[in-house]
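Notes follow once the structure below has been shown.
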Amino acid sequence: MNTNNHPGTTDRKKILLLLLPFWTPLIPPMGISCLKGFLQKHGYNVKTIDANIEAGFREINDNYFKKLESAVPGDHRGNLLNIGIDVLQGHMTAHLHRERDNEARYIELVKSLIYKTFYSVAKDSLVRELNAILDTFFLQLETYMLDILEKEQPHVLGLSTFKGILASSLFAFKLAKEKYPLLLTVMGGGIFADQLAMGSPNFDYFIENTPYIDKIIIGEGELLLLKLLQGEVPAHEKVLTSQDMNCGVMDLSTADLPDFSDLQMKYYPNMASYTSRSCPFQCNFCSETINWGTYRKKKAKQVVRELTQLYEQGQCQLFLLSDSLLNPIISELAREFLTSDIALYWDGYLRVDRKVCNPENTFMWRRGGFYRARLGIESGSSKVLEAMNKEITPQQIKTAVSNLAQAGIKTTTYWVIGFPGETEEDFLQTLDLIESLKNDIYEVDCNPFRFHLSGQVKSLQWREKKIARLYPKWAREFLLMETWFIDNANPSREDIYRRVNRFLEHCKKLGIPNPYSLDEICKADERWQKLHKNAVPPLLDLQQGSAYINECKHLKKLQTAVDMFQKEEDDDFDFI
Ligand code: SF4
C-alpha cells in the first residue's frame, strides 16, 4: 500500500481531476478546467486530464458501436451513436457487477438493454463479443489509472461524471481506493441532474452502494470543493450541496477563466468557454435549472475579453459556449464583438424567441461572429410545444430557423420524440415542419422522451401517473440505478423508439444531415455552403493553426425576409 498521500484534511494540496471515457471530445472539458482555474488561485496544485483523447479508448468505443450496429437491423438503429449510449452505459455498469454466480442474469440483462433500446433481439454471441470489448476496455483503464495515480500521487481524486462515463468513474474510484485507501475520492457532474437526481430512490441506493466514493458534489462545484479542501465539511457528510453548505452561487463577474493548460488542445475541434449558468426558462422535460439554480450571466465586455485571452492561448477562432442558453446575452455580445479588434466565432444553444424572428438581429449576430445556433425545437405540433411549456409556436420556429439560415448561421435542431400525449398526428406535424424547413436546417438530432423520477421540471407530476420499471427489480444490483417509464402512456415506449427511426429516415430522405464524425461534419459543411451564400466558414477552416479568418464583419446582407413578428408588441422576454 502506498502511504504517500495521507495528509491531514487541510493539507490536501494535490488535486487530480479527470474526465474518463466515454465522452466525445469536441471541446476541452469545461467542468474540470473551471475548477482548476478557481482552485489554483486558492493555492492548490491541480492537474486535469481528459482520457477521452486517448486513441486506444476511442478505438474501443468505435468497436463497440460497430459491433452493435452490425447486429441491429437498419430500420431499428435510430441514431445509434446517441441512443446506443444507454446500452453502453448500462452494459459497462453491469459488467462491473458481474460475478460467476450471476452470469445468466447478466447476459439476460444485456440482451434486455439492447432490446429496450432498439426493439431488436440480440443473440448470446453478440453479448459475448461485446463483453470481450469491455474486458479489453477495463484492462486498459486499469493500467491507465494506475499509471496516472503513481505518477501524480494526488491527495484528492475528482471525477466529473455524465451519462456514458458512470461505469468508468465507478471503476476508477474503486481501484484508486483499493490501492490508496487514504486518497479522498470526490464525484460531481451532470449525472446528478437526472439519472441520479437527489430525492430519487436511485440517488439513495447509489449513495449506499458506493462506499469507495467519499464525497459527492451536487451542482456548481467551485465553492463546494473549496470548502471541502479547506476542511469545512463535517467528516460524516457524503453529499455536498450549495444549500446545505450555505455557500451560495458563483459570482460570474469575478469567475476565473477555465484553465486548459494541462490539456492537449490540438485534439479538440473547438475552444470552449461560457457566458452564463442556468436558464431563465423551465421547459417541463429539462433539468438545467434544477442543476444550476439561479440564472446568472457575465457582461458582454467580460466575455469578449475572456474569449480573446483564450484565443491568444490556443489560436483557435471557434468557440463552443457551453451555456444552457445564449438568448439573454446574444445581441449584446455580437455588438461587443463588432466593435472589437478581433474576429472570433462562437457556437451555442439558442431558443426560438421574438428576437430570432427578426432578420436584422440574425444578420447582426452573424456579423458579430455567431457561428451555429443549437436550437431546442422539440416538436412541430403547437399542442406538444404548449404541453412542454416551450412558449413558442411552429410559425415562430419557421421564421427563426429561416432567418438564422439566411444569415448563414448553421442551424442545429434538436427534437424530442414521444413527449407524453404526442399523437401520430402531432408526430406527422413534426415531420412536415422539418420538410418545410429542409434547406434551412443544417443538422437534425433527436432524442426519445426520457422520464426521470426526479430532476425534470415535471418529474413529480409525471410520477403521479402509472409508472413502471423498464428492467426487473433485480437489475438494480447490476446497474446501480433503475430506469422508469410512464406505463400505458400514449405513445408507448416502443412507439417512441419506432418514431425515432421514422424521424431519422424522413430526414435522410430529405438530405438533412445528422453528422457525428469529422468526415460527416465536412460533408454537412459543404452542403451548407451550397445552400447559403452567406454560410459561415467550414469547421476545418477555423481549427487551431488554420489561417486567421475575418469575413464576418464585412458580410453583405442578402435578403430582406418579411419579419412577421417585428411589428408585434415588445411583450416578450425581459432578461436579467
Ligand atoms: S430546454 Fe433549454 S430553454 Fe428549456 S429550460 Fe432547458 S435549457 Fe432552458
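By convention in this document, the chains of the C-alpha cells carry letters A, B, ... by their order, each chain's residues are numbered from 1, and ligands are numbered from 1 in the order they are shown.
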
_Env. residues ligand 1 / 7 Å / only C-alpha atoms and all ligand atoms / as a VMD selection string_ = chain A and resid 279 to 283 286 to 289 324 to 325 351 376 390

Mind writing the picked residues with C-alpha atoms as a compact mmCIF listing (two decimals), in the first residue's frame?
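What landed in selection.txt:
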# COMPACT_ATOMS: atom_id res chain seq x y z
CA CYS A 279 -31.52 29.06 -17.71
CA PRO A 280 -34.30 31.63 -17.22
CA PHE A 281 -36.87 29.13 -18.57
CA GLN A 282 -38.48 25.97 -17.22
CA CYS A 283 -39.27 23.53 -20.03
CA CYS A 286 -35.46 19.73 -18.68
CA SER A 287 -33.24 19.51 -15.59
CA GLU A 288 -30.99 22.51 -16.27
CA THR A 289 -32.40 24.89 -13.67
CA SER A 324 -27.75 26.48 -21.40
CA LEU A 325 -28.98 29.40 -23.48
CA ARG A 351 -34.13 29.36 -28.02
CA GLY A 376 -34.09 23.04 -28.94
CA LYS A 390 -41.76 25.86 -24.69

*Pull the strand (DSSP E or B) assignments for range 125-332 of chain A out of DSSP run on the backbone, and list those residues as a ChimeraX atom specification.*
/A:156-160,184-188,215-217,239-240,271-273,276-277,296-297,318-321

For N, CA and C atoms, I'd like the residues from the last selection saved as a PDB file, in the first residue's frame.
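Printed below is selection00.pdb as written:
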ATOM      1  N   VAL A 156      -6.268  14.160  -3.602  1.00  0.00           N
ATOM      2  CA  VAL A 156      -7.702  14.131  -3.894  1.00  0.00           C
ATOM      3  C   VAL A 156      -7.886  13.702  -5.352  1.00  0.00           C
ATOM      4  N   LEU A 157      -8.807  12.769  -5.582  1.00  0.00           N
ATOM      5  CA  LEU A 157      -9.153  12.377  -6.952  1.00  0.00           C
ATOM      6  C   LEU A 157     -10.596  12.823  -7.217  1.00  0.00           C
ATOM      7  N   GLY A 158     -10.777  13.717  -8.184  1.00  0.00           N
ATOM      8  CA  GLY A 158     -12.126  14.197  -8.522  1.00  0.00           C
ATOM      9  C   GLY A 158     -12.503  13.746  -9.922  1.00  0.00           C
ATOM     10  N   LEU A 159     -13.675  13.138 -10.067  1.00  0.00           N
ATOM     11  CA  LEU A 159     -14.131  12.701 -11.392  1.00  0.00           C
ATOM     12  C   LEU A 159     -15.442  13.379 -11.736  1.00  0.00           C
ATOM     13  N   SER A 160     -15.452  13.989 -12.902  1.00  0.00           N
ATOM     14  CA  SER A 160     -16.660  14.642 -13.392  1.00  0.00           C
ATOM     15  C   SER A 160     -17.423  13.588 -14.194  1.00  0.00           C
ATOM     16  N   LEU A 184      -8.660  10.916  -1.014  1.00  0.00           N
ATOM     17  CA  LEU A 184     -10.042  11.404  -0.908  1.00  0.00           C
ATOM     18  C   LEU A 184     -10.678  11.334  -2.297  1.00  0.00           C
ATOM     19  N   THR A 185     -11.774  10.610  -2.422  1.00  0.00           N
ATOM     20  CA  THR A 185     -12.420  10.455  -3.732  1.00  0.00           C
ATOM     21  C   THR A 185     -13.692  11.312  -3.786  1.00  0.00           C
ATOM     22  N   VAL A 186     -13.785  12.130  -4.833  1.00  0.00           N
ATOM     23  CA  VAL A 186     -14.888  13.104  -4.938  1.00  0.00           C
ATOM     24  C   VAL A 186     -15.537  12.994  -6.316  1.00  0.00           C
ATOM     25  N   MET A 187     -16.839  12.859  -6.327  1.00  0.00           N
ATOM     26  CA  MET A 187     -17.556  12.737  -7.609  1.00  0.00           C
ATOM     27  C   MET A 187     -18.513  13.924  -7.801  1.00  0.00           C
ATOM     28  N   GLY A 188     -18.549  14.444  -9.024  1.00  0.00           N
ATOM     29  CA  GLY A 188     -19.504  15.510  -9.358  1.00  0.00           C
ATOM     30  C   GLY A 188     -19.971  15.302 -10.785  1.00  0.00           C
ATOM     31  N   LYS A 215     -16.993  11.655  -1.219  1.00  0.00           N
ATOM     32  CA  LYS A 215     -17.842  12.861  -1.246  1.00  0.00           C
ATOM     33  C   LYS A 215     -18.493  13.006  -2.614  1.00  0.00           C
ATOM     34  N   ILE A 216     -19.714  13.489  -2.575  1.00  0.00           N
ATOM     35  CA  ILE A 216     -20.438  13.748  -3.826  1.00  0.00           C
ATOM     36  C   ILE A 216     -20.847  15.212  -3.847  1.00  0.00           C
ATOM     37  N   ILE A 217     -20.473  15.894  -4.925  1.00  0.00           N
ATOM     38  CA  ILE A 217     -20.783  17.326  -5.038  1.00  0.00           C
ATOM     39  C   ILE A 217     -21.927  17.501  -6.031  1.00  0.00           C
ATOM     40  N   VAL A 239     -22.729  13.906   0.987  1.00  0.00           N
ATOM     41  CA  VAL A 239     -23.318  14.673  -0.116  1.00  0.00           C
ATOM     42  C   VAL A 239     -23.227  16.167   0.183  1.00  0.00           C
ATOM     43  N   LEU A 240     -22.659  16.903  -0.739  1.00  0.00           N
ATOM     44  CA  LEU A 240     -22.485  18.347  -0.528  1.00  0.00           C
ATOM     45  C   LEU A 240     -23.333  19.120  -1.537  1.00  0.00           C
ATOM     46  N   MET A 271     -12.588  25.506 -29.306  1.00  0.00           N
ATOM     47  CA  MET A 271     -12.211  26.024 -27.995  1.00  0.00           C
ATOM     48  C   MET A 271     -13.520  26.148 -27.196  1.00  0.00           C
ATOM     49  N   ALA A 272     -13.440  26.325 -25.897  1.00  0.00           N
ATOM     50  CA  ALA A 272     -14.694  26.379 -25.127  1.00  0.00           C
ATOM     51  C   ALA A 272     -14.648  27.478 -24.065  1.00  0.00           C
ATOM     52  N   SER A 273     -15.813  27.996 -23.758  1.00  0.00           N
ATOM     53  CA  SER A 273     -15.961  28.914 -22.631  1.00  0.00           C
ATOM     54  C   SER A 273     -17.454  29.003 -22.293  1.00  0.00           C
ATOM     55  N   SER A 276     -22.779  32.256 -19.066  1.00  0.00           N
ATOM     56  CA  SER A 276     -23.813  32.268 -18.029  1.00  0.00           C
ATOM     57  C   SER A 276     -23.942  30.880 -17.413  1.00  0.00           C
ATOM     58  N   ARG A 277     -24.707  30.800 -16.334  1.00  0.00           N
ATOM     59  CA  ARG A 277     -25.051  29.494 -15.773  1.00  0.00           C
ATOM     60  C   ARG A 277     -26.551  29.451 -15.500  1.00  0.00           C
ATOM     61  N   ARG A 296     -27.583  33.289 -13.942  1.00  0.00           N
ATOM     62  CA  ARG A 296     -26.621  34.395 -13.844  1.00  0.00           C
ATOM     63  C   ARG A 296     -25.867  34.514 -15.159  1.00  0.00           C
ATOM     64  N   LYS A 297     -25.463  35.744 -15.516  1.00  0.00           N
ATOM     65  CA  LYS A 297     -24.665  35.887 -16.739  1.00  0.00           C
ATOM     66  C   LYS A 297     -23.542  36.902 -16.533  1.00  0.00           C
ATOM     67  N   LEU A 318     -12.700  29.308 -33.171  1.00  0.00           N
ATOM     68  CA  LEU A 318     -14.078  28.844 -32.982  1.00  0.00           C
ATOM     69  C   LEU A 318     -14.315  28.362 -31.545  1.00  0.00           C
ATOM     70  N   PHE A 319     -15.322  28.960 -30.900  1.00  0.00           N
ATOM     71  CA  PHE A 319     -15.650  28.615 -29.510  1.00  0.00           C
ATOM     72  C   PHE A 319     -17.009  27.948 -29.421  1.00  0.00           C
ATOM     73  N   LEU A 320     -17.082  26.941 -28.602  1.00  0.00           N
ATOM     74  CA  LEU A 320     -18.395  26.414 -28.243  1.00  0.00           C
ATOM     75  C   LEU A 320     -18.701  26.968 -26.847  1.00  0.00           C
ATOM     76  N   LEU A 321     -19.755  27.747 -26.749  1.00  0.00           N
ATOM     77  CA  LEU A 321     -20.124  28.307 -25.449  1.00  0.00           C
ATOM     78  C   LEU A 321     -21.073  27.316 -24.786  1.00  0.00           C
TER      79      LEU A 321
END

*Per DSSP on the backbone, what are the helix (DSSP H, G or I) residues of range 523-563 of chain A, as a ChimeraX atom specification?*
/A:523-531,539-542,552-554

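If you measure from each of A:Leu257, A:Gly37, A:His95, A:Leu480 to Asp135 in chain A using only C-alpha atoms, the closest one turns out to be A:His95.
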
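Across A:Val121, A:Ala176, A:Ala94, A:Leu223, the tightest approach to Glu150 in chain A is made by A:Ala176 when counting only C-alpha atoms.
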
*Name the residues in contact with range 543-550 of chain A at a cut-off of 7 Å, using only C-alpha atoms, excluding same-chain residues fewer than 6 positions from it; report them as a ChimeraX atom specification.*
/A:266,269,315-318,343

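You will find CA of Asn61 in chain A at 9.3 Å from CA of Leu134 in chain A.
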
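The list of residues with at least one atom within 8 Å of range 140-146 of chain A, based on only C-alpha atoms and without residues fewer than 5 positions apart in the same chain, reads Ser168, Ala172, Leu175 and Ala176 of chain A.
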
Please, which residues in range 396-435 of chain A fall within 8 Å of range 504-520 of chain A when counting only C-alpha atoms, and what is the closest atom pair and distance in Å to one decimal for each, ordered by chain then residue number, as a tab-separated table?
residue	atom	partner	partner_atom	distance
A:Leu431	CA	A:His506	CA	7.2
A:Ile434	CA	A:Cys507	CA	7.7
A:Glu435	CA	A:Leu510	CA	7.0

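The spacing separating CA of Leu555 in chain A from CA of Val444 in chain A amounts to 26.4 Å.
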
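Across A:Lys67, A:Arg372, A:His97, A:Arg463, the tightest approach to Leu326 in chain A is made by A:Arg372 when counting only C-alpha atoms.
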
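Ranking A:Leu375, A:Ala405, A:Leu130, A:Ile114 by their shortest atom-to-atom distance to Ile60 in chain A, with only C-alpha atoms included, puts A:Leu130 first.
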
*Give me the residues within 12 Å of Arg493 in chain A as a PyMOL selection string, counting only C-alpha atoms and dropping any in the same chain fewer than 3 places off.*
chain A and resi 115-119+417-420+422+448-451+467-470+484-490+496-500

_Set the distance at 9 Å and use only C-alpha atoms: which residues neighbour Met92 in chain A once local chain neighbours fewer than 5 positions away are removed? I'd like the list as a ChimeraX atom specification._
/A:87,131,134,164,166-168,479

*asked:* Give me, as a VMD selection string, all polymer residues having an atom no more than 9 Å from Glu336 in chain A, counting only C-alpha atoms and skipping those fewer than 2 positions away in the same chain.
replied: chain A and resid 300 to 301 304 331 to 334 338 to 340 368

Residues from last step as file, N, CA and C atoms, as a tab-separated table (two decimals), in the first residue's frame:
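part02.tsv, written as the output of this step:
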chain	number	residue	atom	x	y	z
A	300	ALA	N	-21.10	41.34	-21.47
A	300	ALA	CA	-20.54	41.02	-22.79
A	300	ALA	C	-19.07	41.42	-22.90
A	301	LYS	N	-18.72	42.56	-22.31
A	301	LYS	CA	-17.32	43.03	-22.38
A	301	LYS	C	-16.38	42.00	-21.77
A	304	VAL	N	-15.98	39.01	-24.13
A	304	VAL	CA	-15.08	39.29	-25.26
A	304	VAL	C	-13.63	39.27	-24.78
A	331	SER	N	-27.34	39.53	-28.32
A	331	SER	CA	-27.23	40.79	-29.06
A	331	SER	C	-26.10	41.64	-28.50
A	332	GLU	N	-26.05	41.69	-27.18
A	332	GLU	CA	-25.01	42.48	-26.51
A	332	GLU	C	-23.62	41.95	-26.89
A	333	LEU	N	-23.51	40.63	-26.94
A	333	LEU	CA	-22.22	40.01	-27.24
A	333	LEU	C	-21.81	40.28	-28.69
A	334	ALA	N	-22.76	40.13	-29.61
A	334	ALA	CA	-22.45	40.36	-31.02
A	334	ALA	C	-22.02	41.82	-31.23
A	338	LEU	N	-18.49	43.27	-32.62
A	338	LEU	CA	-18.43	44.13	-33.80
A	338	LEU	C	-17.55	45.35	-33.58
A	339	THR	N	-17.46	45.80	-32.33
A	339	THR	CA	-16.62	46.96	-32.07
A	339	THR	C	-15.23	46.56	-31.57
A	340	SER	N	-14.97	45.26	-31.48
A	340	SER	CA	-13.64	44.84	-31.00
A	340	SER	C	-12.69	44.67	-32.19
A	368	GLY	N	-21.34	39.58	-35.94
A	368	GLY	CA	-20.61	39.61	-34.67
A	368	GLY	C	-19.95	38.27	-34.33
